[in-house]
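Q: Data: input_29.cif, mmCIF, N, CA, C and O atoms.
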```
data_final
loop_
_atom_site.label_atom_id
_atom_site.label_comp_id
_atom_site.auth_asym_id
_atom_site.auth_seq_id
_atom_site.Cartn_x
_atom_site.Cartn_y
_atom_site.Cartn_z
N ASP A 1 -22.85 27.79 -3.65
CA ASP A 1 -21.63 27.79 -2.89
C ASP A 1 -20.51 27.26 -3.79
O ASP A 1 -20.64 26.21 -4.42
N ARG A 2 -19.37 27.95 -3.81
CA ARG A 2 -18.25 27.59 -4.70
C ARG A 2 -17.66 26.23 -4.34
O ARG A 2 -17.30 25.45 -5.21
N GLU A 3 -17.58 25.95 -3.06
CA GLU A 3 -16.99 24.68 -2.63
C GLU A 3 -17.85 23.50 -3.08
O GLU A 3 -17.34 22.48 -3.55
N LEU A 4 -19.17 23.65 -2.98
CA LEU A 4 -20.09 22.60 -3.41
C LEU A 4 -19.99 22.39 -4.92
O LEU A 4 -19.93 21.26 -5.39
N ALA A 5 -19.95 23.49 -5.67
CA ALA A 5 -19.82 23.39 -7.12
C ALA A 5 -18.50 22.72 -7.50
O ALA A 5 -18.45 21.90 -8.42
N PHE A 6 -17.44 23.07 -6.78
CA PHE A 6 -16.13 22.47 -7.03
C PHE A 6 -16.18 20.96 -6.78
O PHE A 6 -15.70 20.16 -7.58
N GLN A 7 -16.79 20.57 -5.66
CA GLN A 7 -16.91 19.15 -5.31
C GLN A 7 -17.73 18.40 -6.34
O GLN A 7 -17.38 17.30 -6.75
N GLN A 8 -18.83 19.01 -6.79
CA GLN A 8 -19.67 18.36 -7.80
C GLN A 8 -18.90 18.21 -9.12
O GLN A 8 -19.04 17.21 -9.81
N GLY A 9 -18.10 19.20 -9.46
CA GLY A 9 -17.29 19.13 -10.67
C GLY A 9 -16.28 17.99 -10.60
O GLY A 9 -16.08 17.26 -11.58
N ILE A 10 -15.67 17.82 -9.45
CA ILE A 10 -14.71 16.73 -9.26
C ILE A 10 -15.43 15.38 -9.37
O ILE A 10 -14.96 14.47 -10.05
N GLU A 11 -16.58 15.27 -8.73
CA GLU A 11 -17.34 14.01 -8.79
C GLU A 11 -17.76 13.68 -10.21
O GLU A 11 -17.68 12.53 -10.65
N GLN A 12 -18.19 14.70 -10.95
CA GLN A 12 -18.59 14.49 -12.34
C GLN A 12 -17.39 14.05 -13.18
O GLN A 12 -17.50 13.14 -14.00
N GLY A 13 -16.25 14.65 -12.94
CA GLY A 13 -15.03 14.26 -13.66
C GLY A 13 -14.64 12.83 -13.37
O GLY A 13 -14.23 12.09 -14.27
N ILE A 14 -14.75 12.42 -12.12
CA ILE A 14 -14.43 11.04 -11.74
C ILE A 14 -15.39 10.08 -12.42
O ILE A 14 -14.96 9.05 -12.97
N GLU A 15 -16.67 10.39 -12.42
CA GLU A 15 -17.67 9.53 -13.06
C GLU A 15 -17.38 9.38 -14.55
O GLU A 15 -17.44 8.28 -15.09
N GLN A 16 -17.05 10.49 -15.21
CA GLN A 16 -16.74 10.44 -16.64
C GLN A 16 -15.49 9.60 -16.89
O GLN A 16 -15.43 8.83 -17.85
N GLY A 17 -14.51 9.74 -16.05
CA GLY A 17 -13.28 8.95 -16.18
C GLY A 17 -13.55 7.47 -16.03
O GLY A 17 -13.00 6.65 -16.78
N ILE A 18 -14.38 7.12 -15.07
CA ILE A 18 -14.73 5.71 -14.86
C ILE A 18 -15.47 5.17 -16.08
O ILE A 18 -15.16 4.07 -16.57
N GLU A 19 -16.43 5.93 -16.59
CA GLU A 19 -17.19 5.49 -17.77
C GLU A 19 -16.27 5.29 -18.97
O GLU A 19 -16.39 4.30 -19.69
N GLN A 20 -15.35 6.23 -19.18
CA GLN A 20 -14.42 6.11 -20.30
C GLN A 20 -13.51 4.90 -20.12
O GLN A 20 -13.21 4.19 -21.07
N GLY A 21 -13.09 4.65 -18.91
CA GLY A 21 -12.25 3.49 -18.63
C GLY A 21 -12.97 2.19 -18.91
O GLY A 21 -12.39 1.25 -19.48
N ILE A 22 -14.22 2.12 -18.52
CA ILE A 22 -15.03 0.92 -18.76
C ILE A 22 -15.20 0.71 -20.27
O ILE A 22 -15.03 -0.41 -20.77
N GLU A 23 -15.54 1.78 -20.98
CA GLU A 23 -15.72 1.68 -22.43
C GLU A 23 -14.44 1.22 -23.11
O GLU A 23 -14.47 0.35 -23.98
N GLN A 24 -13.31 1.79 -22.71
CA GLN A 24 -12.03 1.40 -23.30
C GLN A 24 -11.71 -0.05 -22.98
O GLN A 24 -11.21 -0.78 -23.82
N GLY A 25 -12.04 -0.49 -21.79
CA GLY A 25 -11.82 -1.88 -21.42
C GLY A 25 -12.65 -2.84 -22.26
O GLY A 25 -12.17 -3.90 -22.66
N ILE A 26 -13.87 -2.46 -22.55
CA ILE A 26 -14.75 -3.29 -23.38
C ILE A 26 -14.18 -3.38 -24.79
O ILE A 26 -14.09 -4.47 -25.37
N VAL A 27 -13.76 -2.26 -25.35
CA VAL A 27 -13.18 -2.24 -26.70
C VAL A 27 -11.92 -3.09 -26.74
O VAL A 27 -11.73 -3.91 -27.65
N THR A 28 -11.07 -2.93 -25.75
CA THR A 28 -9.82 -3.71 -25.71
C THR A 28 -10.12 -5.20 -25.58
O THR A 28 -9.49 -6.02 -26.24
N GLY A 29 -11.09 -5.55 -24.77
CA GLY A 29 -11.48 -6.95 -24.61
C GLY A 29 -11.99 -7.54 -25.91
O GLY A 29 -11.62 -8.66 -26.29
N LYS A 30 -12.83 -6.79 -26.62
CA LYS A 30 -13.34 -7.27 -27.91
C LYS A 30 -12.20 -7.44 -28.91
O LYS A 30 -12.17 -8.41 -29.67
N GLN A 31 -11.29 -6.49 -28.92
CA GLN A 31 -10.16 -6.56 -29.85
C GLN A 31 -9.29 -7.77 -29.53
O GLN A 31 -8.87 -8.49 -30.45
N ASN A 32 -9.02 -8.03 -28.26
CA ASN A 32 -8.22 -9.19 -27.88
C ASN A 32 -8.90 -10.50 -28.25
O ASN A 32 -8.25 -11.44 -28.72
N GLU A 33 -10.21 -10.57 -28.03
CA GLU A 33 -10.96 -11.77 -28.40
C GLU A 33 -10.92 -11.99 -29.91
O GLU A 33 -10.71 -13.12 -30.37
N ALA A 34 -11.12 -10.93 -30.68
CA ALA A 34 -11.09 -11.04 -32.14
C ALA A 34 -9.71 -11.48 -32.61
O ALA A 34 -9.59 -12.37 -33.45
N PHE A 35 -8.66 -10.88 -32.05
CA PHE A 35 -7.29 -11.25 -32.42
C PHE A 35 -7.03 -12.73 -32.16
O PHE A 35 -6.52 -13.45 -33.02
N THR A 36 -7.40 -13.20 -30.98
CA THR A 36 -7.16 -14.59 -30.61
C THR A 36 -7.89 -15.55 -31.54
O THR A 36 -7.31 -16.53 -32.03
N LEU A 37 -9.15 -15.26 -31.82
CA LEU A 37 -9.94 -16.13 -32.70
C LEU A 37 -9.37 -16.11 -34.12
O LEU A 37 -9.22 -17.17 -34.74
N ILE A 38 -9.04 -14.94 -34.63
CA ILE A 38 -8.51 -14.84 -35.99
C ILE A 38 -7.18 -15.57 -36.11
O ILE A 38 -6.92 -16.25 -37.10
N LEU A 39 -6.34 -15.43 -35.11
CA LEU A 39 -5.05 -16.12 -35.14
C LEU A 39 -5.26 -17.64 -35.19
O LEU A 39 -4.57 -18.35 -35.93
N ARG A 40 -6.19 -18.13 -34.42
CA ARG A 40 -6.50 -19.56 -34.45
C ARG A 40 -7.02 -19.99 -35.81
O ARG A 40 -6.63 -21.04 -36.35
N GLN A 41 -7.90 -19.18 -36.39
CA GLN A 41 -8.46 -19.51 -37.70
C GLN A 41 -7.37 -19.48 -38.78
O GLN A 41 -7.32 -20.37 -39.64
N LEU A 42 -6.52 -18.46 -38.73
CA LEU A 42 -5.44 -18.36 -39.71
C LEU A 42 -4.49 -19.55 -39.61
O LEU A 42 -4.08 -20.11 -40.62
N THR A 43 -4.14 -19.92 -38.39
CA THR A 43 -3.22 -21.03 -38.18
C THR A 43 -3.82 -22.32 -38.73
O THR A 43 -3.13 -23.11 -39.38
N ARG A 44 -5.08 -22.49 -38.51
CA ARG A 44 -5.75 -23.69 -39.03
C ARG A 44 -5.85 -23.64 -40.55
O ARG A 44 -5.73 -24.67 -41.23
N ARG A 45 -6.05 -22.45 -41.10
CA ARG A 45 -6.25 -22.30 -42.55
C ARG A 45 -4.94 -22.41 -43.33
O ARG A 45 -4.89 -23.10 -44.35
N ILE A 46 -3.90 -21.69 -42.87
CA ILE A 46 -2.67 -21.61 -43.68
C ILE A 46 -1.42 -22.09 -42.95
O ILE A 46 -0.32 -22.02 -43.50
N GLY A 47 -1.55 -22.55 -41.72
CA GLY A 47 -0.40 -23.04 -40.98
C GLY A 47 0.17 -21.99 -40.04
O GLY A 47 -0.43 -20.94 -39.82
N GLU A 48 1.34 -22.31 -39.52
CA GLU A 48 2.00 -21.42 -38.54
C GLU A 48 2.20 -20.02 -39.12
O GLU A 48 2.66 -19.87 -40.25
N ILE A 49 1.86 -19.01 -38.34
CA ILE A 49 1.97 -17.62 -38.76
C ILE A 49 3.27 -17.03 -38.20
O ILE A 49 3.50 -17.11 -36.99
N PRO A 50 4.11 -16.44 -39.06
CA PRO A 50 5.36 -15.83 -38.58
C PRO A 50 5.09 -14.73 -37.55
O PRO A 50 4.08 -14.02 -37.63
N VAL A 51 5.99 -14.60 -36.60
CA VAL A 51 5.85 -13.64 -35.50
C VAL A 51 5.61 -12.22 -36.01
O VAL A 51 4.77 -11.50 -35.47
N ASN A 52 6.33 -11.81 -37.06
CA ASN A 52 6.17 -10.44 -37.56
C ASN A 52 4.74 -10.20 -38.07
O ASN A 52 4.19 -9.11 -37.90
N LEU A 53 4.13 -11.21 -38.67
CA LEU A 53 2.75 -11.05 -39.14
C LEU A 53 1.77 -11.07 -37.97
O LEU A 53 0.79 -10.33 -37.97
N VAL A 54 2.06 -11.88 -36.97
CA VAL A 54 1.22 -11.91 -35.76
C VAL A 54 1.19 -10.52 -35.13
O VAL A 54 0.12 -10.02 -34.75
N GLU A 55 2.35 -9.89 -35.05
CA GLU A 55 2.42 -8.55 -34.45
C GLU A 55 1.67 -7.52 -35.29
O GLU A 55 1.03 -6.62 -34.75
N GLN A 56 1.74 -7.65 -36.61
CA GLN A 56 0.98 -6.74 -37.47
C GLN A 56 -0.51 -6.91 -37.25
O GLN A 56 -1.27 -5.93 -37.17
N ILE A 57 -0.95 -8.15 -37.15
CA ILE A 57 -2.37 -8.43 -36.92
C ILE A 57 -2.80 -7.89 -35.56
O ILE A 57 -3.88 -7.30 -35.42
N ARG A 58 -1.95 -8.05 -34.54
CA ARG A 58 -2.26 -7.58 -33.19
C ARG A 58 -2.53 -6.07 -33.16
O ARG A 58 -3.31 -5.58 -32.35
N GLN A 59 -1.91 -5.33 -34.05
CA GLN A 59 -2.04 -3.87 -34.07
C GLN A 59 -3.27 -3.38 -34.83
O GLN A 59 -3.57 -2.19 -34.81
N LEU A 60 -3.98 -4.28 -35.50
CA LEU A 60 -5.11 -3.86 -36.33
C LEU A 60 -6.29 -3.40 -35.47
O LEU A 60 -6.57 -4.00 -34.43
N PRO A 61 -6.98 -2.36 -35.91
CA PRO A 61 -8.20 -1.94 -35.20
C PRO A 61 -9.29 -3.00 -35.36
O PRO A 61 -9.26 -3.82 -36.28
N ILE A 62 -10.26 -2.96 -34.48
CA ILE A 62 -11.31 -3.98 -34.44
C ILE A 62 -12.04 -4.09 -35.78
O ILE A 62 -12.37 -5.20 -36.22
N GLU A 63 -12.29 -2.99 -36.47
CA GLU A 63 -13.00 -3.02 -37.74
C GLU A 63 -12.22 -3.82 -38.77
O GLU A 63 -12.79 -4.60 -39.55
N THR A 64 -10.90 -3.65 -38.80
CA THR A 64 -10.06 -4.38 -39.74
C THR A 64 -9.96 -5.84 -39.36
O THR A 64 -9.95 -6.72 -40.23
N LEU A 65 -9.92 -6.13 -38.06
CA LEU A 65 -9.93 -7.52 -37.61
C LEU A 65 -11.22 -8.22 -38.05
O LEU A 65 -11.19 -9.38 -38.49
N GLU A 66 -12.33 -7.52 -37.97
CA GLU A 66 -13.60 -8.10 -38.40
C GLU A 66 -13.58 -8.39 -39.90
O GLU A 66 -14.07 -9.43 -40.35
N ASN A 67 -12.99 -7.48 -40.67
CA ASN A 67 -12.86 -7.69 -42.11
C ASN A 67 -11.95 -8.89 -42.39
O ASN A 67 -12.26 -9.74 -43.23
N LEU A 68 -10.83 -8.97 -41.68
CA LEU A 68 -9.90 -10.09 -41.84
C LEU A 68 -10.59 -11.42 -41.52
O LEU A 68 -10.36 -12.43 -42.19
N ALA A 69 -11.45 -11.42 -40.51
CA ALA A 69 -12.16 -12.64 -40.13
C ALA A 69 -13.00 -13.17 -41.29
O ALA A 69 -13.17 -14.38 -41.44
N GLU A 70 -13.50 -12.29 -42.13
CA GLU A 70 -14.29 -12.71 -43.29
C GLU A 70 -13.40 -13.16 -44.44
O GLU A 70 -13.61 -14.23 -45.01
N VAL A 71 -12.41 -12.35 -44.80
CA VAL A 71 -11.62 -12.65 -45.99
C VAL A 71 -10.66 -13.82 -45.79
O VAL A 71 -10.29 -14.47 -46.76
N LEU A 72 -10.28 -14.12 -44.56
CA LEU A 72 -9.34 -15.22 -44.34
C LEU A 72 -9.91 -16.56 -44.78
O LEU A 72 -9.17 -17.51 -45.04
N LEU A 73 -11.23 -16.63 -44.90
CA LEU A 73 -11.84 -17.87 -45.36
C LEU A 73 -11.44 -18.20 -46.79
O LEU A 73 -11.52 -19.36 -47.21
N ASP A 74 -11.00 -17.19 -47.54
CA ASP A 74 -10.57 -17.39 -48.93
C ASP A 74 -9.06 -17.58 -49.06
O ASP A 74 -8.57 -17.85 -50.14
N PHE A 75 -8.32 -17.42 -47.96
CA PHE A 75 -6.86 -17.55 -48.02
C PHE A 75 -6.47 -19.00 -48.29
O PHE A 75 -7.06 -19.92 -47.74
N GLN A 76 -5.44 -19.14 -49.13
CA GLN A 76 -4.87 -20.45 -49.41
C GLN A 76 -3.46 -20.58 -48.84
O GLN A 76 -3.05 -21.67 -48.47
N THR A 77 -2.74 -19.44 -48.80
CA THR A 77 -1.35 -19.47 -48.37
C THR A 77 -1.04 -18.24 -47.52
O THR A 77 -1.84 -17.30 -47.45
N GLU A 78 0.14 -18.27 -46.94
CA GLU A 78 0.63 -17.12 -46.18
C GLU A 78 0.71 -15.88 -47.06
O GLU A 78 0.52 -14.75 -46.59
N ALA A 79 0.98 -16.07 -48.34
CA ALA A 79 1.07 -14.95 -49.28
C ALA A 79 -0.25 -14.17 -49.33
O ALA A 79 -0.24 -12.94 -49.47
N ASP A 80 -1.37 -14.87 -49.19
CA ASP A 80 -2.67 -14.19 -49.19
C ASP A 80 -2.78 -13.26 -47.98
O ASP A 80 -3.28 -12.13 -48.08
N LEU A 81 -2.32 -13.73 -46.83
CA LEU A 81 -2.33 -12.91 -45.62
C LEU A 81 -1.40 -11.72 -45.79
O LEU A 81 -1.77 -10.59 -45.46
N ARG A 82 -0.21 -11.95 -46.31
CA ARG A 82 0.74 -10.87 -46.55
C ARG A 82 0.16 -9.80 -47.49
O ARG A 82 0.30 -8.61 -47.24
N GLU A 83 -0.53 -10.26 -48.52
CA GLU A 83 -1.14 -9.32 -49.47
C GLU A 83 -2.22 -8.49 -48.77
O GLU A 83 -2.31 -7.27 -48.97
N PHE A 84 -3.04 -9.13 -47.96
CA PHE A 84 -4.07 -8.41 -47.22
C PHE A 84 -3.44 -7.32 -46.35
O PHE A 84 -3.88 -6.17 -46.36
N LEU A 85 -2.42 -7.70 -45.59
CA LEU A 85 -1.77 -6.74 -44.70
C LEU A 85 -1.05 -5.64 -45.48
O LEU A 85 -1.07 -4.48 -45.07
N HIS A 86 -0.47 -5.99 -46.61
CA HIS A 86 0.23 -4.99 -47.43
C HIS A 86 -0.74 -3.94 -47.98
O HIS A 86 -0.41 -2.76 -48.05
N LYS A 87 -1.94 -4.37 -48.33
CA LYS A 87 -2.94 -3.44 -48.86
C LYS A 87 -3.37 -2.40 -47.81
O LYS A 87 -3.87 -1.35 -48.15
N LEU A 88 -3.16 -2.71 -46.56
CA LEU A 88 -3.53 -1.78 -45.48
C LEU A 88 -2.56 -0.62 -45.35
O LEU A 88 -2.87 0.39 -44.75
N LEU A 89 -1.34 -0.78 -45.88
CA LEU A 89 -0.32 0.26 -45.74
C LEU A 89 -0.58 1.45 -46.62
O LEU A 89 -1.18 1.49 -47.57
#
```
What is this structure when it is put down as structure tokens?
A:
Amino acid sequence: DRELAFQQGIEQGIEQGIEQGIEQGIVTGKQNEAFTLILRQLTRRIGEIPVNLVEQIRQLPIETLENLAEVLLDFQTEADLREFLHKLL
């Protein structure tokens, strides 16, 4: 029956949308957690971070944030952070 097939198609589309929304929420949550932790670590390591650099860090994908979490342990100054971010361009 066409109406039943149509209804099943709509239900399947809704289910897929919900699953994608949940997955995106998980990714966004992980990214926000990583950003917050890295910002705290950077502030402790090199001092107050300028707003423009904070915004650049906020835009980084999760993979790059994970990389930054490792390399920031070697940072001595804000210049090290700037160099890291510049290399991404």
Q: Pick out the closest residue to Val27 in chain A from this set: A:Leu88, A:Leu39, A:Ala79, A:Ile62. Count all atoms listed in the file.
A: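 Nearest candidate to Val27 in chain A out of A:Leu88, A:Leu39, A:Ala79, A:Ile62: A:Ile62.
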Q: Interatomic distance between CA of Thr77 in chain A and CA of Ile46 in chain A?
A: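 These two atoms are separated by 5.3 Å.
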Q: Between atom C of Phe75 in chain A and atom C of Arg45 in chain A, what distance in Å does the model show, to one decimal?
A: 6.2 Å
Q: In Å, how far is it from atom O of Ile38 in chain A to atom N of Ile22 in chain A?
A: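 If I compute the distance from atom O of Ile38 in chain A to atom N of Ile22 in chain A, I get 27.1 Å.
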Q: Which one is closest to Leu60 in chain A: A:Gln24, A:Gln31, A:Gln8, A:Gln16? Count only N, CA, C and O atoms.
A: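 Once distances to Leu60 in chain A are computed over only N, CA, C and O atoms, the minimum belongs to A:Gln31.
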Q: Of the residues A:Phe35, A:Glu11, A:Leu89, A:Glu66, which is the one nearest to Val54 in chain A, using only N, CA, C and O atoms?
A: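 Nearest to Val54 in chain A: A:Phe35.
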Q: Is there a way to get, as an NGL selection string, all residues within 6 Å of the point (-10.9, -21.8, -43.5) in file coordinates, counting all atoms listed in the file?
A: :A and (41 or 45 or 72-73)
Q: May I have the residues from that selection written out with N, CA, C and O atoms, as a PDB file, keeping the file's coordinate frame?
A:
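After the write, again_23.pdb holds the following:
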```pdb
ATOM      1  N   GLN A  41      -7.900 -19.180 -36.390  1.00  0.00           N
ATOM      2  CA  GLN A  41      -8.460 -19.510 -37.700  1.00  0.00           C
ATOM      3  C   GLN A  41      -7.370 -19.480 -38.780  1.00  0.00           C
ATOM      4  O   GLN A  41      -7.320 -20.370 -39.640  1.00  0.00           O
ATOM      5  N   ARG A  45      -6.050 -22.450 -41.100  1.00  0.00           N
ATOM      6  CA  ARG A  45      -6.250 -22.300 -42.550  1.00  0.00           C
ATOM      7  C   ARG A  45      -4.940 -22.410 -43.330  1.00  0.00           C
ATOM      8  O   ARG A  45      -4.890 -23.100 -44.350  1.00  0.00           O
ATOM      9  N   LEU A  72     -10.280 -14.120 -44.560  1.00  0.00           N
ATOM     10  CA  LEU A  72      -9.340 -15.220 -44.340  1.00  0.00           C
ATOM     11  C   LEU A  72      -9.910 -16.560 -44.780  1.00  0.00           C
ATOM     12  O   LEU A  72      -9.170 -17.510 -45.040  1.00  0.00           O
ATOM     13  N   LEU A  73     -11.230 -16.630 -44.900  1.00  0.00           N
ATOM     14  CA  LEU A  73     -11.840 -17.870 -45.360  1.00  0.00           C
ATOM     15  C   LEU A  73     -11.440 -18.200 -46.790  1.00  0.00           C
ATOM     16  O   LEU A  73     -11.520 -19.360 -47.210  1.00  0.00           O
TER      17      LEU A  73
END
```
Q: Nearest to His86 in chain A: which of A:Pro61, A:Leu53, A:Ile18, A:Val71 is it, counting only C-alpha atoms?
A: A:Leu53
Q: Rank nothing, just name the residue among A:Phe84, A:Ile14, A:Phe6, A:Glu78 nearest to Glu48 in chain A, using all atoms listed in the file.
A: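 The shortest atom-to-atom distance to Glu48 in chain A comes from A:Glu78.
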Q: Output, as lines of an AutoDock Vina configuration file, the centre and edge lengths in Å (one decimal) of the axis-aligned box that contains all listed atoms of range 64-76 of chain A with 4 Å of margin on each side.
A:
```
center_x = -8.7
center_y = -12.7
center_z = -43.9
size_x = 19.2
size_y = 26.0
size_z = 20.5
```
